[in-house]
Number of protein chains: 4
Amino acid sequence: MSGSVFGNNIKVSTFGESHGKALGCIIDGFPAGMELCENDIQTYLDRRKPGTSAATTSRKEDDLVEILSGVFEGRTTGTPIALMIKNTSHISSDYSEIASCYRPGHADYTFDKKFGFRDYRGGGRSSGRETAARVAAGALCIKLLSLMGVKIIAYTKSIGDIEIDYSNFDENMRLSTPTCMPDQNADKRAMELISSCREQLDSIGGVVECKITNVPAGIGEPVFDKLDALLSHAIMSIGAVKAIEIGDGIKAGKSRGSENNDQFIADENGHITKMSNHSGGILGGISDGSEIILRAHIKPTPSIARPQQTVSNLGQNIELSIRGRHDPVIVPRAVVVVESMCAITLLDLMMTNMHSKADNLIRFYS
Amino acid sequence: MSGSVFGNNIKVSTFGESHGKALGCIIDGFPAGMELCENDIQTYLDRRKPGTSAATTSRKEDDLVEILSGVFEGRTTGTPIALMIKNTSHISSDYSEIASCYRPGHADYTFDKKFGFRDYRGGGRSSGRETAARVAAGALCIKLLSLMGVKIIAYTKSIGDIEIDYSNFDENMRLSTPTCMPDQNADKRAMELISSCREQLDSIGGVVECKITNVPAGIGEPVFDKLDALLSHAIMSIGAVKAIEIGDGIKAGKSRGSENNDQFIADENGHITKMSNHSGGILGGISDGSEIILRAHIKPTPSIARPQQTVSNLGQNIELSIRGRHDPVIVPRAVVVVESMCAITLLDLMMTNMHSKADNLIRFYS
Amino acid sequence: MSGSVFGNNIKVSTFGESHGKALGCIIDGFPAGMELCENDIQTYLDRRKPGTSAATTSRKEDDLVEILSGVFEGRTTGTPIALMIKNTSHISSDYSEIASCYRPGHADYTFDKKFGFRDYRGGGRSSGRETAARVAAGALCIKLLSLMGVKIIAYTKSIGDIEIDYSNFDENMRLSTPTCMPDQNADKRAMELISSCREQLDSIGGVVECKITNVPAGIGEPVFDKLDALLSHAIMSIGAVKAIEIGDGIKAGKSRGSENNDQFIADENGHITKMSNHSGGILGGISDGSEIILRAHIKPTPSIARPQQTVSNLGQNIELSIRGRHDPVIVPRAVVVVESMCAITLLDLMMTNMHSKADNLIRFYS
Amino acid sequence: MSGSVFGNNIKVSTFGESHGKALGCIIDGFPAGMELCENDIQTYLDRRKPGTSAATTSRKEDDLVEILSGVFEGRTTGTPIALMIKNTSHISSDYSEIASCYRPGHADYTFDKKFGFRDYRGGGRSSGRETAARVAAGALCIKLLSLMGVKIIAYTKSIGDIEIDYSNFDENMRLSTPTCMPDQNADKRAMELISSCREQLDSIGGVVECKITNVPAGIGEPVFDKLDALLSHAIMSIGAVKAIEIGDGIKAGKSRGSENNDQFIADENGHITKMSNHSGGILGGISDGSEIILRAHIKPTPSIARPQQTVSNLGQNIELSIRGRHDPVIVPRAVVVVESMCAITLLDLMMTNMHSKADNLIRFYS
């Protein structure tokens, strides 16, 4: 097994280290004939880009994407789409200190144990910067899904103990608030919390919520490749995510059947819906046609300026204060990554579902 | 993609419906030379077997496993190991009513939408009974892992709002209490809660916790095939699991970096450990040598005797009271399933890790 | 990687040793709603069954297939279809001698080197008997393909130097001649050759040819998963196949471009065909709508009664005369195996092709 | 399924069209710690490069490789290695004519049928130019294999009816003769044949043979992932290959068991070898420790200057004379591609084989 390839019908292979020459991905298996230009992708990368507010690092990364293959005369060709983002702005000397020590909460120690050494510049392959490649791939999938009517909306639900109020929910707000909260009031309070963390040389965690609407019933495979299982794989593979919930999630573990079950109801045309959505749009691992809801719980940025005890790669106990420009909170920049991973996963399963019935094949080839 | 095959180096293919002739699995890629007999597997199946206490259904299923291939003279041969469990005790008439209606909280509706029809007998393929095949496959992996010193222990952490007290923790107790709680006192109170639910024609959810000890540092692959991502895939694929946490889990989303980071410390021999374990034994998707901890949040049994509103497959609104013998709580029987899925996932990644360094190959073949 | 799982959308996992309890397979990902009964499969297994003529071993194997799962009310359910064939007629003492020696041309030596030991009874997992599971899985795929109009016809093209004469070609004859030749005259001469080999305590090789008609243009994926590449994988995985040709095959290596190219021609309706078919129906790895033709070259049965020099598993030089009832030629029984592997491969790729165009998805889900 | 990803433990994803911005690949799963620089790869790309002799096209392609990721301080890091080759020298106007017609022997027609349109510039994705990415990936695998003592040597065995004479065999000669024949005399005659074809506005086919030495016994998996099956998949996926043989290959289909079987013999130390090698180093799909031999039969270049009848994409019959600079024979440039595909396949299976025995795991982790 290799760890940087994701998907079945669509295979996304990503590459690149934080401070290497470039990072990017190949998307193989993407259907032919969809209009695509670099700007379709850039829009999403810009949402992940740092340096846009006090909620993110002041590092400047332009993250300009270049399409190297798979698009001809403005349309996808059905062959691999290679996307590259050159690394331009890094000053490697910023990171020289971490070459020889294991930062708490980071993968320095585990990479060294696994591979014998590591590219220590900016976290190398374990840097959150690898998610740029996921977003680039996700942008394509989001576009094709939207052509099928599917809409994926993620946003910051909470930072620390500051949570959005759904009565203030304004979907588009998530694109303009620095925290990506869809609630201007909560955003303001969360920004104050972030400021306070930064002053205390500390960082803070939070929660991203994602809603996927207009998914037809029937998507997801029984047993191991359930829609919720694959979404969990996808979301938990994003660095710093420590928990995932579908629908009622952890609340389901405290509920009674009579509370948790969603009762079905038919209208006069026999059209079936559910009277509630505790299941989060998935029953038995298969979409039930209602809104899919999930939440990713994200740990605080491990890079903090506060002194921490740790160990050098020579086994000596040392004290470390991480310098450099780091996000005080990971959550806002993770929002578009969550959308991207959901899109790749969902599109892949929607392709699979095309051959769930023998009649589908017979009709397609007749 | 097909949904009933799991793993990479080890591929587990499962089959079988609740009321079909048999269910079971093929484990392909399992290493040769391990001693194996049916009893090694039966021990684990017996832990999943219903009818053993008031916490489970009174249905009797013997779940006797038969090894059909892949074992010769008492040892695994390196070729596919097929395991079969014959279905013996089902009375299909028990379930005739559900043929024509969509039970709330079940996959009846989604299976019909996906496949056009379904095997409705006892839930067919979407029955929790499919987990018997997972447990059979898991038993082999647990055995090989234990020969490598790895120990996997799952138990019921809570049912409804009754939670274990870690100061009472008795590991072996989980094998004898009806709830699988490792705390006799909590077990007693949980059994009362279960009784009360049953009397109210209702069911209740809960949480399974799993601890994996003695995993060497270095297991798991960067980016998409992180150890926590694959464990999440594995655990969320178990029907009724609605959330998974690794280490601090959802608490991490409320924490500060200074709280969440685990600081490293070296002893006089340069041996490195962590001073805490908020990460749950995984950093950057790779095991760090400390205990791996995860929690699966499980919804209440959807089959309840209380009348529920629902819809027939002809689109008519109906009221349904589910008869038959159902578990009032899924959690106790899921404990061994969680252990099994963790074992399959972990062993697979430990195989992958054997070729993480070029020197490992050169040494192996010299 | 595990070696006994084949396919992507459809995954066929096989199990079983020559003299174990049973052999069979799980077919996962097979579309729902196709009518299926055991007899649909038995028909194909009977074509592989030995003991039907002087061209095959006199061993009696009933090879009765049992459907364990995945079929309900006479139709496939879309969930895993498990098929089992119990082993009934083996007398293990027939094979006791080979436990301790390496038969020339067999996998005894390589299995021991790989796995440390082997199930030596009748060749264990390396026995040609494993192909029964392939045929069982193939039967389902052939049935679904035929509902789409695709027809797969394999037959014996030659045995030793006796080759069929295409001017005598009678397709159905391949089902009744002992050699599976579609030419009664060639069959007669080949049977004489086989008799002569048997008298000389020897065996003989041959060639199976397969023609697949009515495949739409567009099946197969560029680069690594070309239709011809996957067919080659499939066919070369059948034990004893030592070469495969597509279309002109080895002749192409001696040809000029002007001979080998198939020129296109359009009729008055703009319908495009080729004026010849040197390519064997595949261009750039993708079906071109013309007949797909391939040939599998099969070595002689390695089990011969003639004394051979070999080595015991203790490293001693010995002389071995293989007793028991062995096919003097593998070819006739391989014919249906070739059809089966072609069917699995082709159906899998036809499923993949359903999502080659973005418009296909948009239309399917609208 | 997606068609441009190859391998299991090592996954090679390739991208790029003949006349796009760039082509290349990501190699994921490659072990850490191997020394690697661009020159290690360039050496192999230079062997594939055109314009070096009268046997190849006069087009100039520098094919300079750039390592974008996965190498740090001169060693592989265990994370994805991205390799890029920029396209520099193409004059797209050379190919404008083919935009609207289906060249005989090419994939123009099948790509249009599959994807609805195609990148027609120089054949786009179906151009032989995609093999540069295979060679780049193969170079890494060849290097690691050579560190394990495995040697892969391919060469031109024949062009048209000119075949090498093994009594003249000079291994290194294959790197200097224009035809890549390891026999200077045959090379000279083959070059005359090529000249004559070129004068006649025609092209010619040929055969590449590959020998792999020092592979330990035990590599390859039973049933579907036999070493010969995967090598066949790998080699038949190279455009223009129409047949593959292992060992005696097609000759095996005419042989008797007494001729085809390789008898075993042990020396006084109990070391076992075979007295012949008709099997080509593989028994039951697993390497037997002797030399692995295979042959790829390659069709003549389909691009010929001679007028051919064909059809436009509007369905009109036209006559086409293909202009531009084309190889009169594909074979010499395919030699290094065959080596590359063998190397990727073999290394992948050697990684799998590390976990064939339970004892291997127990020892590795103790």
# chains A, B, ... in the order shown; residues from 1 in each chain; ligands from 1
call {"tool": "interface_residues", "arguments": {"of": "chain D", "to": "chain B", "cutoff": "7 Å", "atoms": "only C-alpha atoms", "output": "list in words"}}
result
Pro31, Ala32, Gly33, Met34, Gly78, Leu147, Met148, Met351, His355, Ser356, Lys357, Ala358, Ile362, Tyr365 and Ser366 of chain D
call {"tool": "residues_around", "arguments": {"residues": "segment 255-257 of chain B", "least_positions_apart": "6", "cutoff": "8 Å", "atoms": "only C-alpha atoms", "output": "ChimeraX atom specification"}}
result
/A:160,197,202-205,299-304
call {"tool": "write_last_selection", "arguments": {"atoms": "N, CA and C atoms", "output": "tab-separated table (two decimals), in the first residue's frame"}}
result
chain	number	residue	atom	x	y	z
A	160	GLY	N	-12.82	26.81	19.95
A	160	GLY	CA	-12.84	26.73	21.40
A	160	GLY	C	-14.28	26.54	21.84
A	197	CYS	N	-5.54	33.91	22.48
A	197	CYS	CA	-4.65	32.74	22.41
A	197	CYS	C	-3.28	33.14	21.88
A	202	ASP	N	-0.32	30.81	22.49
A	202	ASP	CA	-1.00	29.53	22.47
A	202	ASP	C	-1.87	29.42	21.20
A	203	SER	N	-2.55	28.32	21.04
A	203	SER	CA	-3.41	28.10	19.87
A	203	SER	C	-4.70	27.46	20.37
A	204	ILE	N	-5.65	27.25	19.45
A	204	ILE	CA	-6.97	26.76	19.87
A	204	ILE	C	-7.57	25.84	18.80
A	205	GLY	N	-8.37	24.89	19.23
A	205	GLY	CA	-9.03	23.96	18.31
A	205	GLY	C	-10.43	24.40	17.91
A	299	LYS	N	-7.89	19.59	16.21
A	299	LYS	CA	-7.07	19.95	17.37
A	299	LYS	C	-6.44	21.33	17.16
A	300	PRO	N	-5.96	21.95	18.23
A	300	PRO	CA	-5.27	23.24	18.09
A	300	PRO	C	-3.95	23.08	17.34
A	301	THR	N	-3.52	24.13	16.67
A	301	THR	CA	-2.22	24.12	16.00
A	301	THR	C	-1.14	23.67	16.98
A	302	PRO	N	-0.40	22.63	16.64
A	302	PRO	CA	0.64	22.20	17.59
A	302	PRO	C	1.83	23.16	17.69
A	303	SER	N	2.05	23.97	16.63
A	303	SER	CA	3.17	24.92	16.70
A	303	SER	C	2.77	26.12	17.55
A	304	ILE	N	3.33	26.18	18.76
A	304	ILE	CA	3.04	27.33	19.63
A	304	ILE	C	4.35	27.95	20.09
call {"tool": "closest_residue", "arguments": {"among": "A:Leu230, A:Ile246, A:Leu45, A:Ile153", "to": "Val135 of chain A", "atoms": "only C-alpha atoms"}}
result
A:Leu45
call {"tool": "residues_around", "arguments": {"residues": "segment 172-181 of chain B", "least_positions_apart": "4", "cutoff": "9 Å", "atoms": "only C-alpha atoms", "output": "ChimeraX atom specification"}}
result
/B:47,52-56,154-159,163-164,186-188,190-191,331-333,335
call {"tool": "residues_around", "arguments": {"residues": "Asn317 of chain D", "least_positions_apart": "2", "cutoff": "6 Å", "atoms": "only C-alpha atoms", "output": "MDAnalysis selection string"}}
result
(chainID C and resid 266) or (chainID D and resid 310:311)
call {"tool": "closest_residue", "arguments": {"among": "C:Asp161, C:Ala139, C:Gly289, C:Gly249", "to": "Ala217 of chain C", "atoms": "only C-alpha atoms"}}
result
C:Gly289
call {"tool": "select_by_dssp", "arguments": {"residues": "segment 146-359 of chain B", "states": "strand (DSSP E or B)", "output": "JSON, numbers by chain"}}
result
{"B": [151, 152, 153, 154, 155, 156, 157, 158, 159, 162, 163, 204, 206, 207, 208, 209, 210, 211, 212, 213, 241, 242, 243, 244, 245, 246, 256, 264, 265, 266, 272, 273, 274, 282, 283, 286, 287, 292, 293, 294, 295, 296, 297, 298, 308, 309, 310, 311, 312, 317, 318, 319, 320, 357]}
call {"tool": "closest_residue", "arguments": {"among": "C:Asp119, C:Gln263, C:His19, C:Ser195", "to": "Pro328 of chain C", "atoms": "only C-alpha atoms"}}
result
C:Ser195
call {"tool": "select_by_dssp", "arguments": {"residues": "segment 60-296 of chain B", "states": "alpha helix (DSSP H)", "output": "ChimeraX atom specification"}}
result
/B:108-115,131-147,184-199,227-236,257-260
call {"tool": "write_last_selection", "arguments": {"atoms": "C-alpha atoms", "output": "mmCIF file, in the first residue's frame"}}
result
data_model
loop_
_atom_site.group_PDB
_atom_site.id
_atom_site.type_symbol
_atom_site.label_atom_id
_atom_site.label_comp_id
_atom_site.auth_asym_id
_atom_site.auth_seq_id
_atom_site.Cartn_x
_atom_site.Cartn_y
_atom_site.Cartn_z
ATOM 1 C CA ASP B 108 -34.676 -1.057 4.038
ATOM 2 C CA TYR B 109 -35.474 2.147 2.166
ATOM 3 C CA THR B 110 -31.946 2.851 0.966
ATOM 4 C CA PHE B 111 -31.378 -0.726 -0.228
ATOM 5 C CA ASP B 112 -34.591 -0.586 -2.231
ATOM 6 C CA LYS B 113 -33.582 2.740 -3.769
ATOM 7 C CA LYS B 114 -30.117 1.472 -4.615
ATOM 8 C CA PHE B 115 -30.763 -2.054 -5.810
ATOM 9 C CA THR B 131 -20.341 -8.617 11.541
ATOM 10 C CA ALA B 132 -19.902 -12.298 12.415
ATOM 11 C CA ALA B 133 -17.730 -12.542 9.299
ATOM 12 C CA ARG B 134 -15.663 -9.562 10.458
ATOM 13 C CA VAL B 135 -15.116 -11.191 13.824
ATOM 14 C CA ALA B 136 -14.041 -14.458 12.212
ATOM 15 C CA ALA B 137 -11.465 -12.619 10.089
ATOM 16 C CA GLY B 138 -10.445 -10.440 12.999
ATOM 17 C CA ALA B 139 -9.737 -13.442 15.198
ATOM 18 C CA LEU B 140 -6.897 -14.503 12.899
ATOM 19 C CA CYS B 141 -5.390 -11.031 12.869
ATOM 20 C CA ILE B 142 -5.665 -10.690 16.633
ATOM 21 C CA LYS B 143 -3.816 -13.978 17.003
ATOM 22 C CA LEU B 144 -0.943 -12.949 14.753
ATOM 23 C CA LEU B 145 -0.746 -9.517 16.374
ATOM 24 C CA SER B 146 -0.569 -11.103 19.804
ATOM 25 C CA LEU B 147 2.372 -13.209 18.589
ATOM 26 C CA GLN B 184 -19.057 -4.267 37.718
ATOM 27 C CA ASN B 185 -20.805 -1.362 39.360
ATOM 28 C CA ALA B 186 -21.455 0.532 36.142
ATOM 29 C CA ASP B 187 -22.545 -2.715 34.507
ATOM 30 C CA LYS B 188 -25.205 -3.210 37.142
ATOM 31 C CA ARG B 189 -26.631 0.264 36.674
ATOM 32 C CA ALA B 190 -26.472 -0.048 32.888
ATOM 33 C CA MET B 191 -28.415 -3.311 33.049
ATOM 34 C CA GLU B 192 -31.120 -1.505 34.987
ATOM 35 C CA LEU B 193 -31.233 1.188 32.314
ATOM 36 C CA ILE B 194 -31.496 -1.471 29.613
ATOM 37 C CA SER B 195 -34.334 -3.180 31.471
ATOM 38 C CA SER B 196 -36.143 0.063 31.753
ATOM 39 C CA CYS B 197 -35.725 0.754 28.026
ATOM 40 C CA ARG B 198 -37.004 -2.688 27.187
ATOM 41 C CA GLU B 199 -40.046 -2.170 29.382
ATOM 42 C CA LEU B 227 -3.464 4.911 10.834
ATOM 43 C CA ASP B 228 -6.292 6.996 12.323
ATOM 44 C CA ALA B 229 -7.941 7.466 8.912
ATOM 45 C CA LEU B 230 -7.956 3.734 8.212
ATOM 46 C CA LEU B 231 -9.135 2.892 11.724
ATOM 47 C CA SER B 232 -11.954 5.388 11.228
ATOM 48 C CA HIS B 233 -12.886 3.791 7.915
ATOM 49 C CA ALA B 234 -12.878 0.397 9.590
ATOM 50 C CA ILE B 235 -14.894 1.379 12.653
ATOM 51 C CA MET B 236 -17.386 3.661 10.878
ATOM 52 C CA GLY B 257 -2.245 23.792 21.959
ATOM 53 C CA SER B 258 -0.525 23.998 25.321
ATOM 54 C CA GLU B 259 -3.044 21.490 26.690
ATOM 55 C CA ASN B 260 -3.314 19.205 23.696
#
call {"tool": "atom_distance", "arguments": {"atom1": "atom CA of Val12 of chain A", "atom2": "atom CA of Lys226 of chain B"}}
result
15.5 Å
call {"tool": "closest_residue", "arguments": {"among": "B:Gly70, B:Gln309, B:Gly285, B:Ser13", "to": "Asp225 of chain B", "atoms": "only C-alpha atoms"}}
result
B:Gly285
call {"tool": "atom_distance", "arguments": {"atom1": "atom CA of Leu349 of chain C", "atom2": "atom CA of Gly3 of chain D"}}
result
10.2 Å
